[in-house]
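One structure is given below, encoded as structure tokens.
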Amino acid sequence: MSEAGGRTQAEPVGRGGTAIRVAMLGCGTVGGEVVRLLREQAVDLAARVGAPVELVGVAVRRPHRHPELGELLTTDASALVTRSDVDVVVEVIGGIEPVRTWLLEALKAGKSVVTANKALLAEDGAALAEAADSSGADLYYEASVAGAIPLLRPLRESLAGDRIKRVAGIVNGTTNFILSSMAASGASYADALDEATRLGYAEADPSADVDGYDAASKAAILASLAFHTRVTAADVHCEGIRAVSATDIAAARRLGCVIKLLAICERTGDPDSVSARVYPAMIPAAHPLAAVDGAFNAVFVEAEAAGQLMFYGQGAGGAPTASAVLGDLVAVARNLVVGGRGPRESTYASLPVRPMGSVPTRYHVSLDVADRAGVLATISGAFAKQGVSIAAVRQTSGDSAEPTVRSQARSAARLVVVTHVAPEAALAATVDELAGLDIVNGVESVLRVEELGRKGVAG
Ligand SMILES: NC(=O)c1ccc[n+]([C@@H]2O[C@H](COP(=O)([O-])OP(=O)(O)OC[C@H]3O[C@@H](n4cnc5c(N)ncnc54)[C@H](OP(=O)(O)O)[C@@H]3O)[C@@H](O)[C@H]2O)c1
């Protein structure tokens with residue numbers, strides 16, 4: 001590949017019709033669609049940007065798989081990102097290394113970067129932002145959260161004059177597909193995961209999705225933008241959906257709720273702090289997020305002046321994600337044409353991240369208990385001891401108890417307790433204590449209940 005057309009310092013990028021030159025790292029599910037759209041929409045993009053947008057190189061691992069890219073191909077990403085004729089680097093490889101090194105090299109060389117890499121941004125976004133600041137380059141990453149849904153720009157720009165209180169949403173399509181299909185058919189988690197894998201919604205190794213790590217990376221990015229504070233993936237409390245059972249889904253339905261894997265980013269007072277967490281939770285069936293089914297994503301934003309906003313759409317897939325990448329590329333290219341820069345990262349608030357133990361939540365606890373007099377009083381006492389107030393209790397026994405194998409054998413009952421809001425640590429201590437009581441055969445499930453600004457969950 002030649003390095004023809006390298007720029008001199010005097011040559012203004014994009015002005016007077018000179019092209020904005022783009023290097024791509026990766027050409028897989030997302031990258032392939034970016035290349036297609038760049039080619040198919042070349043005329044429109046040039047008109048929107050004010051200069052042609054030209055692809056000058058594509059780095060991949062296995063060039064033989066991309067014959068259509070011909071001379072553009074290279075396996076030397078490091079050399080590509082620092083080429084003197086490259087203005088913008090679009091990164092759609094993923095993962096931490098070696099991508100971090102390449103993007104830092106690019107930014108230090110003054111190349112603007114557009115990336116879809118949530119894992120890298122959530123782990124080391126600060127290093128990328130610092131490199132962009134010191135060279136005056138742009139760093140855009142709309143595609144890293146919720147695919148096609150315009151979300152980061154509204155948080156970073158449209159809501160920049162408001163005070164965001166909460167960002168809560170469904171940001172992982174695989175887990176939403178699994179939970180939706182469990183709810184629709186009564187299937188077990190294992191069967192719903194098998195179906196998701198068969199239909200291509202889950203990877204062969206689904207742990208990044210089902211254990212919540214993917215959503216945790218996105219929560220870190222959302223919390224950082226919403227609260228002007230650096231939040232990393234390590235700051236996010238993360239639980240996945242492996243333990244969600246068909247019984248939990250049925251229990252949620254009885255309560256007028258559905259179970260969703262939520263990423264919740266909140267600004268909480270006393271002291272002023274942020275909380276970022278990912279876990280499966282019951283939400284009221286009437287909440288707009290409850291209607292988000294299958295592989296779709298949706299994010300609910302609550303801001304002081306704007307009130308409640310909802311962003312909904314395709315959260316993954318080649319073309320939807322490429323749409324977000326192209327949007328960023330146009331923004332970066334326009335900045336180059338006018339000689340300006342997009343908004344810098346804003347972390348001035350530097351709020352502390354609240355430890356999970358002090359985050360106020362509600363629990364739905366399902367217990368397998370001995371079916372005898374005085375049990376309810378003992379259970380209530382365990383909650384009271386930790387200062388946790390009970391909102392509702394439901395006990396079933398005998399045939400109507402949907403008994404487990406163990407409860408049939410021991411003349412047991414199922415007791416469901418829904419609490420009022422209490423610190424997570426007090427709720428967790430209560431559950432530990434319940435598990436140690438001899439009248440409790442087992443703690444069947446513990447799920448959080450999130451009302452997300454709405455009333456309506458029993459109790
Ligand atoms: N897929 C989605 O729906 C989606 C949605 C939102 C965000 N994202 C993010 O977008 C990024 C890309 O995802 P994807 O699904 O498009 O991935 P993908 O289909 O696996 O494609 C990865 C691309 O990176 C190339 N690559 C991998 N390692 C490389 C290396 N060491 N040097 C050079 N090239 C290398 C691969 O080259 P070969 O083609 O030669 O193998 C391939 O072209 C990730 O950060 C992902 O999190 C994806």
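Just remember, in the structure tokens the first chain shown is A, the second B, etc., residues are 1-based per chain, and ligands are 1-based in the order shown.
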
Inset, instruction - Considering only C-alpha atoms, return as a ChimeraX atom specification whatever protein or nucleic-acid residues lie within 12 Å of Glu450 of chain A, sequence-local ones (same chain, fewer than 2 positions apart) excluded. - result: /A:168-169,252,257-264,278-285,287,289-290,360-364,418-421,447-448,452-458

Grab the residues selected above and save them as a compact mmCIF listing (two decimals), in the first residue's frame with C-alpha atoms.
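Below is the file out_16.txt, written as the result:
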```txt
# COMPACT_ATOMS: atom_id res chain seq x y z
CA ALA A 168 -31.70 3.56 33.44
CA GLY A 169 -32.12 1.15 30.63
CA ALA A 252 -42.89 -10.86 38.97
CA CYS A 257 -44.00 -6.59 37.10
CA VAL A 258 -41.57 -7.94 34.51
CA ILE A 259 -37.89 -8.78 34.98
CA LYS A 260 -35.31 -6.87 32.93
CA LEU A 261 -31.53 -6.68 33.11
CA LEU A 262 -31.08 -2.99 33.91
CA ALA A 263 -28.12 -0.67 33.78
CA ILE A 264 -28.89 2.02 36.34
CA VAL A 278 -26.29 -3.67 36.60
CA TYR A 279 -28.64 -6.43 37.74
CA PRO A 280 -31.88 -8.15 36.84
CA ALA A 281 -34.74 -6.31 38.52
CA MET A 282 -38.51 -6.30 38.66
CA ILE A 283 -40.03 -3.21 37.08
CA PRO A 284 -43.73 -2.32 36.84
CA ALA A 285 -45.36 -3.83 33.75
CA HIS A 287 -43.31 1.25 32.78
CA LEU A 289 -39.10 -0.12 29.63
CA ALA A 290 -41.26 -3.16 30.39
CA PRO A 360 -31.21 2.38 48.49
CA THR A 361 -33.10 -0.51 46.88
CA ARG A 362 -36.17 -2.69 47.41
CA TYR A 363 -36.10 -6.46 47.55
CA HIS A 364 -38.51 -9.22 46.56
CA VAL A 418 -41.51 -7.33 49.35
CA THR A 419 -39.66 -4.62 51.24
CA HIS A 420 -39.74 -0.87 51.30
CA VAL A 421 -36.60 0.97 50.24
CA LEU A 447 -34.61 -9.86 43.26
CA ARG A 448 -34.50 -6.11 43.42
CA LEU A 452 -37.94 4.03 38.06
CA GLY A 453 -39.92 7.13 38.89
CA ARG A 454 -43.33 5.42 38.86
CA LYS A 455 -45.65 4.20 41.56
CA GLY A 456 -47.44 0.91 41.27
CA VAL A 457 -45.51 -2.08 42.59
CA ALA A 458 -47.46 -3.83 45.34
```

Inset, instruction - Run DSSP on the backbone of this structure and report the residues of segment 308-394 of chain A it assigns to helix (DSSP H, G or I), as a ChimeraX atom specification. - result: /A:318-338,356-358,375-385

Legend entry - Best match for closeness to Val332 of chain A among A:Asp138, A:Glu302, A:Asp211, A:Asp162, counting only C-alpha atoms: A:Asp138

Cut-off 8 Å: closest chain A/ligand 1 atom pairs per residue, using only C-alpha atoms and all ligand atoms, as a tab-separated table:
```
residue	atom	partner	partner_atom_place_in_ligand_line	distance
A:Leu25	CA	ligand 1	34 (N)	6.0
A:Gly26	CA	ligand 1	24 (O)	3.6
A:Cys27	CA	ligand 1	43 (O)	3.5
A:Gly28	CA	ligand 1	21 (O)	3.3
A:Thr29	CA	ligand 1	16 (O)	3.7
A:Val30	CA	ligand 1	16 (O)	3.7
A:Gly31	CA	ligand 1	16 (O)	5.5
A:Gly32	CA	ligand 1	16 (O)	7.5
A:Ala59	CA	ligand 1	33 (C)	5.1
A:Val60	CA	ligand 1	34 (N)	3.3
A:Arg61	CA	ligand 1	40 (O)	3.6
A:Arg62	CA	ligand 1	40 (O)	3.5
A:Pro63	CA	ligand 1	40 (O)	5.6
A:His64	CA	ligand 1	40 (O)	7.7
A:Arg65	CA	ligand 1	40 (O)	6.3
A:His66	CA	ligand 1	39 (O)	7.2
A:Thr75	CA	ligand 1	33 (C)	5.9
A:Asp76	CA	ligand 1	33 (C)	7.4
A:Ala77	CA	ligand 1	33 (C)	6.1
A:Glu91	CA	ligand 1	11 (C)	7.3
A:Val92	CA	ligand 1	11 (C)	4.1
A:Ile93	CA	ligand 1	24 (O)	3.6
A:Gly94	CA	ligand 1	45 (O)	3.1
A:Gly95	CA	ligand 1	45 (O)	6.2
A:Pro98	CA	ligand 1	31 (N)	6.7
A:Val99	CA	ligand 1	31 (N)	7.7
A:Thr115	CA	ligand 1	45 (O)	7.4
A:Ala116	CA	ligand 1	10 (O)	4.6
A:Asn117	CA	ligand 1	45 (O)	3.6
A:Lys118	CA	ligand 1	47 (O)	5.9
A:Ala119	CA	ligand 1	47 (O)	6.9
A:Ala143	CA	ligand 1	7 (C)	5.7
A:Ser144	CA	ligand 1	7 (C)	5.1
A:Val145	CA	ligand 1	6 (C)	6.7
A:Ala146	CA	ligand 1	6 (C)	6.8
A:Gly147	CA	ligand 1	6 (C)	4.8
A:Gly315	CA	ligand 1	5 (C)	6.7
A:Ala316	CA	ligand 1	3 (O)	3.7
A:Gly317	CA	ligand 1	3 (O)	3.5
A:Gly318	CA	ligand 1	3 (O)	5.4
A:Pro320	CA	ligand 1	3 (O)	7.8
A:Thr321	CA	ligand 1	5 (C)	5.3
```

Legend entry - Spatial neighbours of Ser350 of chain A, 12 Å, only C-alpha atoms, chain gap at least 6 places, as a list in words: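 Result of the neighbour search: Ala223, Ser224, Leu225, Ala226, Phe227, His228, Thr229, Arg230, Val231, Asp272, Ser273 and Val274 of chain A.
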
Written file, previous selection with N, CA, C and O atoms, as a PDB file, in the first residue's frame:
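As written to disk, selection-v4.pdb reads:
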```pdb
ATOM      1  N   ALA A 223     -22.793   6.741  32.864  1.00  0.00           N
ATOM      2  CA  ALA A 223     -22.663   7.480  34.127  1.00  0.00           C
ATOM      3  C   ALA A 223     -21.619   8.589  33.996  1.00  0.00           C
ATOM      4  O   ALA A 223     -21.801   9.694  34.504  1.00  0.00           O
ATOM      5  N   SER A 224     -20.523   8.287  33.297  1.00  0.00           N
ATOM      6  CA  SER A 224     -19.467   9.303  33.128  1.00  0.00           C
ATOM      7  C   SER A 224     -20.031  10.530  32.425  1.00  0.00           C
ATOM      8  O   SER A 224     -19.790  11.672  32.837  1.00  0.00           O
ATOM      9  N   LEU A 225     -20.799  10.302  31.342  1.00  0.00           N
ATOM     10  CA  LEU A 225     -21.329  11.429  30.573  1.00  0.00           C
ATOM     11  C   LEU A 225     -22.443  12.150  31.336  1.00  0.00           C
ATOM     12  O   LEU A 225     -22.494  13.374  31.356  1.00  0.00           O
ATOM     13  N   ALA A 226     -23.332  11.367  31.944  1.00  0.00           N
ATOM     14  CA  ALA A 226     -24.506  11.972  32.581  1.00  0.00           C
ATOM     15  C   ALA A 226     -24.121  12.822  33.784  1.00  0.00           C
ATOM     16  O   ALA A 226     -24.744  13.849  34.039  1.00  0.00           O
ATOM     17  N   PHE A 227     -23.080  12.387  34.511  1.00  0.00           N
ATOM     18  CA  PHE A 227     -22.784  13.052  35.791  1.00  0.00           C
ATOM     19  C   PHE A 227     -21.436  13.778  35.788  1.00  0.00           C
ATOM     20  O   PHE A 227     -20.932  14.146  36.852  1.00  0.00           O
ATOM     21  N   HIS A 228     -20.834  13.946  34.606  1.00  0.00           N
ATOM     22  CA  HIS A 228     -19.584  14.706  34.479  1.00  0.00           C
ATOM     23  C   HIS A 228     -18.540  14.202  35.476  1.00  0.00           C
ATOM     24  O   HIS A 228     -17.898  14.981  36.200  1.00  0.00           O
ATOM     25  N   THR A 229     -18.410  12.882  35.513  1.00  0.00           N
ATOM     26  CA  THR A 229     -17.566  12.214  36.508  1.00  0.00           C
ATOM     27  C   THR A 229     -16.950  10.994  35.843  1.00  0.00           C
ATOM     28  O   THR A 229     -17.638  10.310  35.090  1.00  0.00           O
ATOM     29  N   ARG A 230     -15.709  10.714  36.098  1.00  0.00           N
ATOM     30  CA  ARG A 230     -15.099   9.526  35.494  1.00  0.00           C
ATOM     31  C   ARG A 230     -15.566   8.276  36.241  1.00  0.00           C
ATOM     32  O   ARG A 230     -15.275   8.103  37.423  1.00  0.00           O
ATOM     33  N   VAL A 231     -16.332   7.426  35.574  1.00  0.00           N
ATOM     34  CA  VAL A 231     -16.774   6.147  36.155  1.00  0.00           C
ATOM     35  C   VAL A 231     -16.224   5.039  35.264  1.00  0.00           C
ATOM     36  O   VAL A 231     -16.376   5.090  34.040  1.00  0.00           O
ATOM     37  N   ASP A 272     -23.514  13.957  47.981  1.00  0.00           N
ATOM     38  CA  ASP A 272     -23.703  13.988  46.526  1.00  0.00           C
ATOM     39  C   ASP A 272     -22.755  12.959  45.898  1.00  0.00           C
ATOM     40  O   ASP A 272     -21.548  13.014  46.098  1.00  0.00           O
ATOM     41  N   SER A 273     -23.334  11.986  45.209  1.00  0.00           N
ATOM     42  CA  SER A 273     -22.513  10.889  44.684  1.00  0.00           C
ATOM     43  C   SER A 273     -23.229  10.250  43.505  1.00  0.00           C
ATOM     44  O   SER A 273     -24.380  10.581  43.209  1.00  0.00           O
ATOM     45  N   VAL A 274     -22.559   9.340  42.821  1.00  0.00           N
ATOM     46  CA  VAL A 274     -23.204   8.616  41.726  1.00  0.00           C
ATOM     47  C   VAL A 274     -23.190   7.124  42.041  1.00  0.00           C
ATOM     48  O   VAL A 274     -22.299   6.619  42.727  1.00  0.00           O
TER      49      VAL A 274
END
```

Inset, instruction - Identify, with DSSP run on backbone atoms, the residues in segment 61-142 of chain A assigned to strand (DSSP E or B), and express the list as a PyMOL selection string. - result: chain A and resi 73-74+88-91+112-115+139-140

Considering only C-alpha atoms, tabulate each residue of segment 117-175 of chain A that lies at most 8 Å from segment 197-210 of chain A along with its nearest interatomic pair and the corresponding distance in Å to one decimal; arrange the rows by chain and ascending residue number and present them as CSV.
```
residue,atom,partner,partner_atom,distance
A:Asn172,CA,A:Asp209,CA,6.9
A:Gly173,CA,A:Tyr201,CA,7.7
A:Thr174,CA,A:Tyr201,CA,5.5
A:Thr175,CA,A:Val210,CA,5.9
```

Kindly save the residues from that selection, with C-alpha atoms included, as a PDB file, in the first residue's frame.
```
ATOM      1  CA  ASN A 172     -27.918  -5.558  26.192  1.00  0.00           C
ATOM      2  CA  GLY A 173     -30.047  -7.171  23.496  1.00  0.00           C
ATOM      3  CA  THR A 174     -28.945 -10.761  24.194  1.00  0.00           C
ATOM      4  CA  THR A 175     -30.149 -10.763  27.788  1.00  0.00           C
TER       5      THR A 175
END
```

Legend entry - Among the residues A:Leu73, A:Pro423, A:Asp328, A:Arg83, the one that comes closest to Glu105 of chain A [using only C-alpha atoms]: A:Arg83

Rows by chain and residue number, segment 54-156 of chain A within 10 Å of segment 34-49 of chain A, shortest pair, only C-alpha atoms, as CSV:
```
residue,atom,partner,partner_atom,distance
A:Glu54,CA,A:Leu38,CA,8.2
A:Leu55,CA,A:Leu38,CA,8.0
A:Val58,CA,A:Val35,CA,9.4
A:Leu69,CA,A:Val35,CA,9.2
A:Val90,CA,A:Val34,CA,9.3
A:Val92,CA,A:Val34,CA,9.3
```

Dump as a tab-separated table (two decimals), in the first residue's frame, selection limited to N, CA and C atoms:
```tsv
chain	number	residue	atom	x	y	z
A	54	GLU	N	-12.88	10.02	2.21
A	54	GLU	CA	-12.20	8.98	1.41
A	54	GLU	C	-11.57	7.93	2.33
A	55	LEU	N	-11.86	6.68	2.04
A	55	LEU	CA	-11.26	5.58	2.79
A	55	LEU	C	-9.87	5.31	2.21
A	58	VAL	N	-7.49	-0.01	5.40
A	58	VAL	CA	-8.29	-0.84	6.31
A	58	VAL	C	-7.38	-1.91	6.90
A	69	LEU	N	-11.62	-5.30	-0.80
A	69	LEU	CA	-10.93	-4.08	-0.37
A	69	LEU	C	-9.57	-3.90	-1.05
A	90	VAL	N	-11.14	5.19	12.33
A	90	VAL	CA	-12.39	4.57	12.78
A	90	VAL	C	-12.02	3.19	13.31
A	92	VAL	N	-13.16	-0.36	14.76
A	92	VAL	CA	-14.24	-1.32	14.98
A	92	VAL	C	-13.66	-2.74	15.06
```
